[in-house]
>>> print(open('entry.txt').read())   # compact mmCIF, C-alpha atoms
# COMPACT_ATOMS: atom_id res chain seq x y z
CA MET A 1 15.38 12.88 3.52
CA ARG A 2 19.07 12.44 2.71
CA TRP A 3 19.30 9.52 0.28
CA GLY A 4 22.86 8.20 0.66
CA GLU A 5 25.13 6.60 -1.91
CA VAL A 6 25.19 2.85 -2.47
CA GLU A 7 27.69 1.12 -0.20
CA TYR A 8 28.63 -2.54 0.12
CA ALA A 9 28.91 -4.83 3.12
CA LYS A 10 30.70 -8.19 2.95
CA ALA A 11 28.80 -11.30 4.03
CA GLY A 12 31.45 -13.95 3.52
CA GLU A 13 32.39 -13.56 -0.13
CA HIS A 14 29.13 -11.84 -1.06
CA HIS A 15 28.80 -8.09 -1.62
CA ILE A 16 25.56 -6.77 -0.12
CA ALA A 17 24.39 -3.35 -1.33
CA PHE A 18 22.90 -0.92 1.17
CA ARG A 19 21.98 2.76 1.50
CA GLU A 20 21.59 5.05 4.48
CA ILE A 21 18.62 7.39 4.48
CA GLY A 22 18.83 10.23 6.96
CA GLY A 23 15.75 11.92 8.40
CA ASP A 24 15.71 13.25 11.96
CA ALA A 25 19.37 14.06 12.65
CA ILE A 26 18.71 14.64 16.37
CA SER A 27 17.00 11.31 17.09
CA ASP A 28 19.07 8.36 18.28
CA ILE A 29 16.66 5.86 16.73
CA GLU A 30 18.29 3.61 14.12
CA ILE A 31 16.22 1.35 11.87
CA VAL A 32 17.40 -1.27 9.39
CA MET A 33 14.65 -2.36 7.00
CA VAL A 34 14.29 -5.78 5.38
CA ASN A 35 12.15 -5.36 2.26
CA GLY A 36 9.42 -7.82 1.36
CA ALA A 37 9.39 -10.15 -1.66
CA ASN A 38 12.05 -9.14 -4.23
CA PHE A 39 11.58 -5.37 -3.98
CA PRO A 40 14.93 -3.63 -4.65
CA MET A 41 15.78 -0.74 -2.35
CA ASP A 42 16.18 1.61 -5.33
CA SER A 43 12.56 1.05 -6.39
CA LEU A 44 11.13 2.41 -3.16
CA LEU A 45 11.08 6.08 -4.15
CA ASP A 46 9.29 5.39 -7.44
CA ASP A 47 5.96 4.59 -5.78
CA PRO A 48 4.11 7.14 -3.58
CA ILE A 49 3.18 4.62 -0.88
CA ALA A 50 6.65 3.04 -0.75
CA ALA A 51 8.16 6.53 -0.64
CA ARG A 52 5.85 7.48 2.23
CA LEU A 53 6.94 4.35 4.11
CA VAL A 54 10.59 5.34 3.67
CA GLU A 55 9.88 8.95 4.64
CA GLY A 56 7.99 7.91 7.75
CA LEU A 57 10.73 5.56 8.96
CA ALA A 58 13.53 8.02 8.15
CA GLY A 59 11.59 10.70 10.01
CA LEU A 60 12.06 8.71 13.21
CA GLY A 61 15.85 8.86 12.96
CA ARG A 62 18.32 7.01 10.74
CA LEU A 63 17.18 4.40 8.24
CA VAL A 64 19.28 1.80 6.43
CA THR A 65 17.85 -0.35 3.65
CA PHE A 66 19.56 -3.02 1.56
CA ASP A 67 19.26 -5.66 -1.15
CA ARG A 68 19.64 -9.26 0.02
CA ARG A 69 21.88 -11.53 -2.02
CA GLY A 70 20.16 -12.53 -5.23
CA ILE A 71 18.28 -9.22 -5.45
CA ALA A 72 19.14 -6.18 -7.60
CA LEU A 73 22.53 -4.63 -6.72
CA SER A 74 23.82 -7.40 -4.46
CA ASP A 75 25.76 -10.50 -5.51
CA PRO A 76 23.75 -13.50 -6.72
CA VAL A 77 22.97 -16.53 -4.60
CA SER A 78 25.75 -19.09 -5.05
CA ASP A 79 24.85 -21.61 -2.34
CA TRP A 80 21.66 -23.56 -2.88
CA GLU A 81 22.31 -26.05 -0.07
CA THR A 82 22.33 -23.77 2.99
CA PRO A 83 18.86 -22.49 3.99
CA ILE A 84 18.39 -19.17 2.23
CA ARG A 85 16.91 -17.70 5.41
CA GLU A 86 20.28 -18.17 7.11
CA GLN A 87 22.15 -16.62 4.18
CA TRP A 88 19.89 -13.59 4.20
CA ALA A 89 20.26 -13.35 7.98
CA ASP A 90 24.02 -13.14 7.41
CA ASP A 91 23.41 -10.35 4.87
CA LEU A 92 21.37 -8.41 7.41
CA ALA A 93 24.07 -8.80 10.07
CA ALA A 94 26.76 -7.66 7.62
CA VAL A 95 24.78 -4.53 6.74
CA ILE A 96 24.17 -3.66 10.40
CA MET A 97 27.89 -3.89 11.14
CA ALA A 98 29.09 -2.16 7.96
CA SER A 99 26.66 0.74 8.40
CA GLY A 100 27.89 1.38 11.94
CA CYS A 101 24.47 0.92 13.54
CA ASP A 102 24.62 0.27 17.27
CA LYS A 103 21.96 -2.27 18.26
CA PRO A 104 19.33 -0.92 15.84
CA THR A 105 15.68 -1.78 15.47
CA VAL A 106 15.11 -4.08 12.51
CA PHE A 107 11.82 -3.53 10.70
CA SER A 108 10.97 -6.44 8.42
CA TRP A 109 8.06 -6.80 6.05
CA GLU A 110 9.74 -9.87 4.55
CA SER A 111 7.33 -12.60 5.60
CA HIS A 112 9.92 -15.35 6.18
CA ALA A 113 12.07 -15.44 9.31
CA VAL A 114 15.12 -13.52 8.04
CA ALA A 115 15.20 -10.87 10.79
CA ARG A 116 14.13 -13.37 13.43
CA ASP A 117 16.93 -15.76 12.43
CA CYS A 118 19.47 -12.93 12.50
CA SER A 119 18.48 -11.97 16.05
CA VAL A 120 19.19 -15.56 17.17
CA ARG A 121 22.36 -16.14 15.12
CA TYR A 122 23.89 -12.81 16.19
CA PRO A 123 22.85 -12.23 19.81
CA GLY A 124 23.32 -8.65 20.99
CA LEU A 125 23.44 -7.21 17.48
CA ILE A 126 19.76 -6.16 17.33
CA ALA A 127 17.92 -4.29 20.08
CA ARG A 128 14.35 -4.66 18.81
CA LEU A 129 12.39 -6.29 16.03
CA VAL A 130 9.29 -4.91 14.34
CA LEU A 131 7.70 -7.57 12.14
CA LEU A 132 4.85 -6.86 9.72
CA ASN A 133 2.84 -10.00 8.91
CA PRO A 134 5.69 -12.40 9.77
CA ARG A 135 4.72 -15.78 8.37
CA PRO A 136 5.13 -18.74 10.73
CA SER A 137 6.58 -22.03 9.57
CA TYR A 138 4.06 -24.24 7.83
CA THR A 139 2.70 -27.31 9.58
CA ASP A 140 0.91 -30.37 8.21
CA ASP A 141 -2.38 -28.58 8.92
CA ASP A 142 -1.39 -25.82 6.45
CA ALA A 143 -1.08 -28.09 3.40
CA GLU A 144 -4.08 -26.62 1.57
CA LEU A 145 -3.06 -23.06 2.38
CA ARG A 146 0.50 -23.68 1.25
CA GLU A 147 -0.73 -25.10 -2.05
CA LYS A 148 -2.81 -21.98 -2.71
CA LEU A 149 0.07 -19.65 -1.94
CA SER A 150 2.59 -21.60 -3.98
CA ALA A 151 0.33 -21.13 -7.00
CA GLY A 152 1.61 -17.57 -7.02
CA LEU A 153 4.96 -18.91 -8.22
CA ALA A 154 3.51 -19.01 -11.73
CA ARG A 155 3.58 -15.21 -11.71
CA LEU A 156 7.34 -15.31 -11.27
CA ARG A 157 7.77 -17.09 -14.58
CA ALA A 158 6.31 -13.99 -16.22
CA GLY A 159 8.76 -11.76 -14.39
CA ARG A 160 6.30 -10.52 -11.81
CA THR A 161 6.88 -10.25 -8.08
CA PRO A 162 4.27 -11.87 -5.81
CA GLY A 163 3.78 -8.45 -4.16
CA GLY A 164 1.32 -7.59 -6.93
CA LEU A 165 -0.99 -10.54 -6.39
CA ASP A 166 -4.55 -9.52 -5.65
CA TYR A 167 -4.57 -11.45 -2.39
CA ALA A 168 -1.58 -9.50 -1.05
CA ASN A 169 -2.62 -5.94 -1.86
CA PRO A 170 -6.35 -5.90 -2.62
CA GLY A 171 -6.52 -2.15 -1.99
CA ARG A 172 -4.03 -1.37 -4.77
CA GLY A 173 -4.23 -4.46 -6.94
CA HIS A 174 -6.43 -2.76 -9.53
CA ASP A 175 -4.43 0.48 -9.72
CA PRO A 176 -2.59 0.43 -13.09
CA ALA A 177 0.19 2.69 -11.79
CA PHE A 178 0.83 0.41 -8.82
CA VAL A 179 0.73 -2.73 -10.95
CA ALA A 180 3.20 -1.21 -13.41
CA TRP A 181 5.58 -0.16 -10.62
CA ASN A 182 5.18 -3.49 -8.86
CA ASP A 183 6.03 -5.44 -12.00
CA ALA A 184 8.99 -3.20 -12.83
CA ALA A 185 10.32 -3.61 -9.28
CA GLY A 186 9.98 -7.38 -9.56
CA ARG A 187 11.88 -7.47 -12.84
CA ALA A 188 14.61 -5.24 -11.43
CA GLY A 189 14.82 -7.37 -8.30
CA ALA A 190 15.51 -10.74 -9.91
CA SER A 191 15.09 -12.62 -13.16
CA PRO A 192 12.05 -14.92 -13.39
CA ARG A 193 14.14 -18.07 -12.98
CA LEU A 194 16.14 -16.74 -10.03
CA ALA A 195 13.03 -15.35 -8.36
CA GLU A 196 11.36 -18.73 -8.63
CA GLN A 197 14.44 -20.52 -7.28
CA MET A 198 14.58 -18.21 -4.27
CA MET A 199 10.86 -18.60 -3.60
CA ASN A 200 11.08 -22.39 -3.80
CA LYS A 201 14.08 -22.28 -1.48
CA ARG A 202 12.11 -20.26 1.05
CA PHE A 203 9.34 -22.84 1.08
CA SER A 204 11.85 -25.64 1.64
CA ASP A 205 13.71 -23.99 4.54
CA PRO A 206 13.44 -25.94 7.81
CA PRO A 207 10.99 -24.61 10.41
CA PHE A 208 12.22 -21.71 12.53
CA ASP A 209 12.28 -22.23 16.30
CA HIS A 210 10.77 -19.07 17.78
CA SER A 211 11.45 -20.19 21.35
CA ARG A 212 15.11 -19.21 20.90
CA MET A 213 14.28 -15.53 20.39
CA ARG A 214 15.35 -13.15 23.16
CA VAL A 215 14.82 -9.77 21.48
CA SER A 216 12.02 -7.31 22.27
CA THR A 217 9.56 -7.74 19.42
CA LEU A 218 6.50 -5.95 18.06
CA VAL A 219 4.36 -8.01 15.70
CA ILE A 220 1.98 -6.06 13.44
CA THR A 221 -0.62 -8.11 11.59
CA ARG A 222 -3.11 -7.28 8.87
CA THR A 223 -5.10 -9.89 6.96
CA PRO A 224 -6.05 -9.09 3.35
CA GLY A 225 -9.81 -9.25 2.86
CA ASN A 226 -9.55 -11.71 -0.02
CA SER A 227 -6.49 -13.60 1.18
CA PRO A 228 -6.40 -17.39 1.31
CA GLU A 229 -4.46 -17.01 4.57
CA ALA A 230 -6.64 -17.60 7.59
CA ASP A 231 -6.62 -14.96 10.32
CA ALA A 232 -5.26 -17.48 12.83
CA PHE A 233 -2.34 -18.27 10.52
CA VAL A 234 -1.39 -14.60 10.18
CA ARG A 235 -1.54 -14.09 13.95
CA ARG A 236 0.32 -17.28 14.84
CA THR A 237 3.79 -15.73 15.00
CA ALA A 238 2.61 -13.16 17.56
CA ARG A 239 1.88 -16.09 19.88
CA LEU A 240 5.11 -17.94 19.08
CA VAL A 241 7.58 -15.09 19.83
CA PRO A 242 8.27 -15.02 23.58
CA GLY A 243 6.91 -11.82 25.13
CA ALA A 244 6.00 -10.21 21.80
CA GLU A 245 3.69 -7.20 21.68
CA HIS A 246 0.95 -7.54 19.09
CA VAL A 247 -0.85 -4.79 17.16
CA GLU A 248 -3.65 -6.01 14.93
CA LEU A 249 -4.66 -3.64 12.14
CA GLY A 250 -7.63 -5.67 10.90
CA ARG A 251 -8.14 -6.35 7.20
CA GLY A 252 -6.32 -4.48 4.47
CA ASP A 253 -3.20 -4.70 2.35
CA TYR A 254 -0.65 -7.33 3.38
CA PHE A 255 2.57 -5.60 2.34
CA ALA A 256 3.87 -2.34 3.78
CA VAL A 257 3.60 -0.72 0.33
CA GLY A 258 -0.20 -0.96 0.38
CA ASP A 259 -3.22 0.97 1.55
CA GLY A 260 -2.99 1.78 5.24
CA VAL A 261 0.73 2.55 5.33
CA ASP A 262 0.07 5.28 7.90
CA ASP A 263 -1.44 2.68 10.26
CA VAL A 264 1.81 0.71 10.03
CA LEU A 265 3.93 3.83 10.60
CA ALA A 266 1.74 4.84 13.55
CA ALA A 267 2.27 1.47 15.24
CA ILE A 268 6.03 1.57 14.65
CA SER A 269 6.50 5.16 15.84
CA GLN A 270 4.39 4.51 18.94
CA TYR A 271 6.51 1.47 19.77
CA LEU A 272 9.87 3.20 19.19
CA SER A 273 9.23 6.75 20.40
CA GLY A 274 6.16 6.54 22.60
CA GLU A 275 4.11 8.75 20.29
CA VAL A 276 2.51 8.57 16.85
CA ARG A 277 4.70 10.36 14.33
CA LEU A 278 3.66 10.51 10.68
CA PRO A 279 5.02 12.39 7.66
CA ALA A 280 3.17 15.59 6.92
CA PRO A 281 0.35 15.17 4.41
CA GLU A 282 1.02 16.39 0.90
CA ARG A 283 -1.25 19.28 -0.08
CA GLN A 284 -2.28 19.80 -3.66
CA LEU A 285 -4.86 21.77 -5.58
CA ALA A 286 -7.20 19.37 -7.35
CA VAL A 287 -10.61 19.02 -8.93
CA ILE A 288 -12.52 16.56 -6.74
CA MET A 289 -15.32 14.40 -8.12
CA PHE A 290 -17.71 12.08 -6.28
CA THR A 291 -20.10 9.70 -8.03
CA ASP A 292 -22.96 7.75 -6.51
CA LEU A 293 -25.38 5.22 -7.99
CA VAL A 294 -28.94 6.27 -7.21
CA GLY A 295 -31.35 3.78 -5.68
CA SER A 296 -28.63 1.25 -5.00
CA THR A 297 -30.38 -0.41 -2.06
CA ARG A 298 -33.60 -0.86 -4.05
CA ARG A 299 -31.71 -2.12 -7.10
CA ALA A 300 -29.66 -4.56 -5.01
CA SER A 301 -32.82 -5.93 -3.42
CA SER A 302 -34.55 -6.48 -6.76
CA SER A 303 -31.49 -7.71 -8.71
CA GLY A 304 -29.86 -9.93 -6.12
CA ASP A 305 -26.35 -9.69 -4.73
CA SER A 306 -24.57 -11.27 -7.69
CA ALA A 307 -26.28 -9.13 -10.35
CA TRP A 308 -25.85 -5.98 -8.29
CA LYS A 309 -22.14 -6.68 -7.83
CA GLN A 310 -21.80 -6.92 -11.61
CA LEU A 311 -23.48 -3.52 -11.98
CA LEU A 312 -21.17 -2.02 -9.36
CA ASP A 313 -18.19 -3.49 -11.16
CA ARG A 314 -19.49 -1.95 -14.38
CA HIS A 315 -19.79 1.46 -12.70
CA ASP A 316 -16.28 1.21 -11.25
CA ALA A 317 -14.76 0.10 -14.56
CA VAL A 318 -16.45 2.91 -16.50
CA SER A 319 -15.36 5.45 -13.90
CA ARG A 320 -11.75 4.29 -13.84
CA PHE A 321 -11.51 4.26 -17.63
CA GLN A 322 -12.98 7.73 -18.10
CA VAL A 323 -10.94 9.22 -15.26
CA SER A 324 -7.63 7.69 -16.37
CA ARG A 325 -8.04 8.62 -20.05
CA ARG A 326 -8.28 12.29 -19.03
CA GLY A 327 -5.26 12.19 -16.75
CA GLY A 328 -7.10 11.74 -13.47
CA GLU A 329 -6.88 9.27 -10.61
CA VAL A 330 -9.55 7.22 -8.87
CA ILE A 331 -8.63 7.50 -5.21
CA LYS A 332 -11.05 4.89 -3.91
CA THR A 333 -14.46 3.33 -4.27
CA THR A 334 -17.11 4.40 -1.77
CA GLY A 335 -19.44 1.45 -1.88
CA ASP A 336 -21.83 2.70 -4.55
CA GLY A 337 -19.54 5.29 -6.14
CA VAL A 338 -16.00 6.58 -6.47
CA LEU A 339 -13.86 9.46 -5.33
CA ALA A 340 -11.55 10.78 -8.06
CA LEU A 341 -9.15 13.65 -8.62
CA LEU A 342 -8.94 15.34 -12.01
CA PRO A 343 -6.29 17.75 -13.36
CA SER A 344 -8.79 20.40 -14.52
CA ALA A 345 -12.43 21.46 -14.31
CA THR A 346 -12.85 20.72 -18.02
CA ALA A 347 -11.55 17.18 -17.55
CA ALA A 348 -13.88 16.64 -14.58
CA ILE A 349 -16.97 17.80 -16.49
CA GLU A 350 -16.05 15.67 -19.51
CA VAL A 351 -15.53 12.63 -17.28
CA ALA A 352 -18.81 13.20 -15.44
CA LYS A 353 -20.79 13.50 -18.68
CA ALA A 354 -19.13 10.39 -20.15
CA ILE A 355 -19.84 8.34 -17.02
CA ARG A 356 -23.47 9.46 -16.96
CA GLU A 357 -23.95 8.66 -20.65
CA GLU A 358 -22.33 5.21 -20.50
CA LEU A 359 -24.23 4.13 -17.41
CA GLU A 360 -27.54 5.22 -18.94
CA HIS A 361 -27.06 2.38 -21.45
CA ASP A 362 -27.07 -0.02 -18.47
CA GLU A 363 -30.18 1.69 -17.06
CA LEU A 364 -28.13 2.99 -14.15
CA GLU A 365 -28.67 6.49 -12.75
CA VAL A 366 -25.73 8.28 -11.23
CA ARG A 367 -25.40 11.59 -9.45
CA ILE A 368 -22.11 13.46 -9.45
CA GLY A 369 -20.63 16.31 -7.43
CA ILE A 370 -17.55 18.33 -8.44
CA HIS A 371 -15.52 20.93 -6.52
CA ILE A 372 -12.07 22.55 -6.69
CA GLY A 373 -9.89 22.91 -3.60
CA GLU A 374 -6.78 21.85 -1.74
CA VAL A 375 -6.59 18.26 -0.53
CA ASP A 376 -4.26 16.52 1.89
CA ARG A 377 -2.57 13.45 0.42
CA ARG A 378 -1.76 10.64 2.85
CA GLY A 379 -0.47 7.77 0.81
CA ASP A 380 -3.27 6.66 -1.49
CA ASP A 381 -6.03 8.56 0.34
CA VAL A 382 -7.09 12.22 0.43
CA SER A 383 -8.81 14.33 3.01
CA GLY A 384 -9.64 17.95 3.79
CA LEU A 385 -12.55 20.38 3.73
CA ALA A 386 -12.64 20.48 -0.07
CA VAL A 387 -13.20 16.71 -0.15
CA ASN A 388 -16.09 17.04 2.30
CA ILE A 389 -17.63 19.84 0.25
CA ALA A 390 -17.46 17.77 -2.95
CA ALA A 391 -19.15 14.88 -1.15
CA ARG A 392 -21.96 17.15 0.09
CA ILE A 393 -22.46 18.62 -3.38
CA MET A 394 -22.85 15.10 -4.76
CA SER A 395 -25.39 14.17 -2.07
CA THR A 396 -27.41 17.28 -3.00
CA ALA A 397 -27.66 16.21 -6.65
CA GLU A 398 -30.67 14.40 -8.04
CA ALA A 399 -30.59 11.23 -10.14
CA GLY A 400 -28.76 11.87 -13.40
CA GLN A 401 -27.58 15.29 -12.27
CA ILE A 402 -24.05 16.71 -12.34
CA LEU A 403 -23.67 19.47 -9.76
CA ALA A 404 -20.61 21.70 -9.55
CA SER A 405 -19.52 24.47 -7.26
CA ALA A 406 -19.20 28.01 -8.57
CA PHE A 407 -15.42 27.53 -8.62
CA VAL A 408 -15.84 24.76 -11.20
CA ALA A 409 -18.55 26.43 -13.28
CA GLY A 410 -16.51 29.61 -13.55
CA THR A 411 -13.39 27.78 -14.71
CA THR A 412 -14.59 25.74 -17.69
CA ASP A 413 -16.66 26.06 -20.86
CA ALA A 414 -16.98 22.28 -21.25
CA ALA A 415 -20.70 22.52 -20.44
CA SER A 416 -23.48 25.03 -20.05
CA PHE A 417 -24.59 25.51 -16.45
CA THR A 418 -27.84 26.40 -14.74
CA SER A 419 -27.45 28.15 -11.40
CA LEU A 420 -29.38 26.64 -8.50
CA GLY A 421 -28.60 29.62 -6.31
CA PRO A 422 -27.12 29.51 -2.81
CA GLN A 423 -27.49 26.11 -1.18
CA ALA A 424 -26.87 24.88 2.35
CA LEU A 425 -24.62 21.85 2.56
CA LYS A 426 -24.96 19.49 5.52
CA ASP A 427 -22.33 20.11 8.22
CA ILE A 428 -20.60 22.76 6.03
CA ASP A 429 -20.73 26.39 7.21
CA GLY A 430 -22.36 29.04 5.03
CA THR A 431 -24.14 28.66 1.72
CA TRP A 432 -22.67 27.50 -1.57
CA GLU A 433 -23.57 28.54 -5.10
CA LEU A 434 -24.24 25.35 -7.04
CA HIS A 435 -24.59 24.88 -10.79
CA ALA A 436 -26.11 21.97 -12.74
CA ALA A 437 -24.16 20.95 -15.84
CA LYS A 438 -26.18 20.19 -18.96
>>> encode(input="entry.txt", output="structure tokens")
Amino acid sequence: MRWGEVEYAKAGEHHIAFREIGGDAISDIEIVMVNGANFPMDSLLDDPIAARLVEGLAGLGRLVTFDRRGIALSDPVSDWETPIREQWADDLAAVIMASGCDKPTVFSWESHAVARDCSVRYPGLIARLVLLNPRPSYTDDDAELREKLSAGLARLRAGRTPGGLDYANPGRGHDPAFVAWNDAAGRAGASPRLAEQMMNKRFSDPPFDHSRMRVSTLVITRTPGNSPEADAFVRRTARLVPGAEHVELGRGDYFAVGDGVDDVLAAISQYLSGEVRLPAPERQLAVIMFTDLVGSTRRASSSGDSAWKQLLDRHDAVSRFQVSRRGGEVIKTTGDGVLALLPSATAAIEVAKAIREELEHDELEVRIGIHIGEVDRRGDDVSGLAVNIAARIMSTAEAGQILASAFVAGTTDAASFTSLGPQALKDIDGTWELHAAK
């Protein structure tokens, strides 16, 4: 990607900062992105998922991103009488014209009708809209929902952007690195008082009339699993925009900078180019560890759902703590276990032993499998043969057992090992020398 210098468009008397990001120099696709919440454009490369979003969009052609007035590098909001949606629509139009884009596609993951308003106020300026979770105007029937969402304003008083709320990004809401980046981006985007003023202003904007829209539009929806927003509310805009195409991604993270970013990029690239185009996965050498609670079905049946959930939470918390303190990363939970990457075989063995010891105090038995190999990184997830091998090693282990491949056992002296000899792993070719760590 070619990350361009900061430039400024003029929207009336306001200076609006924007950057051009070049990807595919041959493509004639042009995309202008409207960021969600108060995320500044300069924060997007500091988070792996946000960076993948930018890389995927820039890979389709030419990408322009900007800071709306009141956010980061752009001038502050000076007019608190005019609907802020209209002011931000003017900012978007100014950036499109100043950047030299010719009827671009506007991709917006800003939930209010900024891009939609711009397409109506400046007919002929935008060729297509791609809207991720575009929030419709509230009606009297949404009073309870609106009250729940407005409670998030309290976070702004602490300098935090609503993008980090658990309801918005449940897949990443417990990742300390994401929370730290999210909070830093919120603080860089706007002060707590200004952020709250802008959010209140959004809620007080008059309803947007979707019947006036005449631009080809793709609506992408995804409902967070623990969101107070009803599915019907999230999908409502897809029905309101005349002739809109609708791609429903199911449940997951609400913002574009969440789990499932590749699903969003796949829908956009299919719509714009006729084919799914994704950034290449990042390959890295890693130590892969799977954990699994033994007898989970039996324990859940005897303990009850509530008690079993507490035990699962205990397992996850112990795993995350032990992994993070040794420089590793929990990639995801797997129902009754976790998948984690560690920086070394020694760190992985130390983590596995610590997890086993701590869970024994809770009368929980865990089995663990460890392997070294190359993995493909796609956003927050990993894949590849090495991941599958680690999973099969774990499933071979008995209760309380830590099994490692010969690659791991031969790389560390953090434990003594007993060879189990060559073992067949389900759906994996050949046999694999496995070792039990004491």
>>> residues_around(input="entry.txt", residues="region 62-64 of chain A", least_positions_apart="5", cutoff="9 Å", atoms="all atoms listed in the file", output="compact mmCIF listing (two decimals) with C-alpha atoms, in the coordinates of the input")
# COMPACT_ATOMS: atom_id res chain seq x y z
CA PHE A 18 22.90 -0.92 1.17
CA ARG A 19 21.98 2.76 1.50
CA GLU A 20 21.59 5.05 4.48
CA ILE A 21 18.62 7.39 4.48
CA GLY A 22 18.83 10.23 6.96
CA GLY A 23 15.75 11.92 8.40
CA ASP A 24 15.71 13.25 11.96
CA ALA A 25 19.37 14.06 12.65
CA SER A 27 17.00 11.31 17.09
CA ASP A 28 19.07 8.36 18.28
CA ILE A 29 16.66 5.86 16.73
CA GLU A 30 18.29 3.61 14.12
CA ILE A 31 16.22 1.35 11.87
CA VAL A 32 17.40 -1.27 9.39
CA MET A 33 14.65 -2.36 7.00
CA VAL A 54 10.59 5.34 3.67
CA LEU A 57 10.73 5.56 8.96
CA VAL A 95 24.78 -4.53 6.74
CA ILE A 96 24.17 -3.66 10.40
CA SER A 99 26.66 0.74 8.40
CA CYS A 101 24.47 0.92 13.54
>>> atom_distance(input="entry.txt", atom1="CA of Thr412 (chain A)", atom2="CA of Ala347 (chain A)")
9.1 Å
>>> residues_around(input="entry.txt", residues="Glu81 (chain A)", least_positions_apart="4", cutoff="12 Å", atoms="all atoms listed in the file", output="list of chain:residue names")
A:Val77, A:Arg85, A:Glu86, A:Gln87, A:Met198, A:Lys201, A:Arg202, A:Ser204, A:Asp205, A:Pro206
>>> closest_residue(input="entry.txt", among="A:Ala190, A:Leu45, A:Val318, A:Ala9", to="Glu360 (chain A)", atoms="only C-alpha atoms")
A:Val318
>>> atom_distance(input="entry.txt", atom1="CA of Arg325 (chain A)", atom2="CA of Gly369 (chain A)")
19.4 Å
>>> atom_distance(input="entry.txt", atom1="CA of Ser306 (chain A)", atom2="CA of Asp362 (chain A)")
15.8 Å
>>> residues_around(input="entry.txt", residues="Leu129 (chain A)", least_positions_apart="2", cutoff="7 Å", atoms="all atoms listed in the file", output="list in words")
Thr105, Val106, Phe107, Leu131, Val215, Ser216, Thr217 and Leu218 of chain A
>>> axis_aligned_box(input="entry.txt", around="region 123-126 of chain A", padding_each_side="4 Å", output="AutoDock Vina command-line options")
--center_x 21.6 --center_y -9.2 --center_z 19.2 --size_x 11.7 --size_y 14.1 --size_z 11.7
>>> closest_residue(input="entry.txt", among="A:Val247, A:Ala348, A:Ala437, A:Ala188", to="Asp42 (chain A)", atoms="only C-alpha atoms")
A:Ala188
>>> closest_residue(input="entry.txt", among="A:Leu341, A:Val130, A:Asn169, A:His15", to="Val219 (chain A)", atoms="all atoms listed in the file")
A:Val130
>>> closest_residue(input="entry.txt", among="A:Asn38, A:Val261, A:Leu132, A:Gly12", to="Arg235 (chain A)", atoms="all atoms listed in the file")
A:Leu132
>>> closest_residue(input="entry.txt", among="A:His361, A:His371, A:His14, A:Arg236", to="Ser344 (chain A)", atoms="all atoms listed in the file")
A:His371
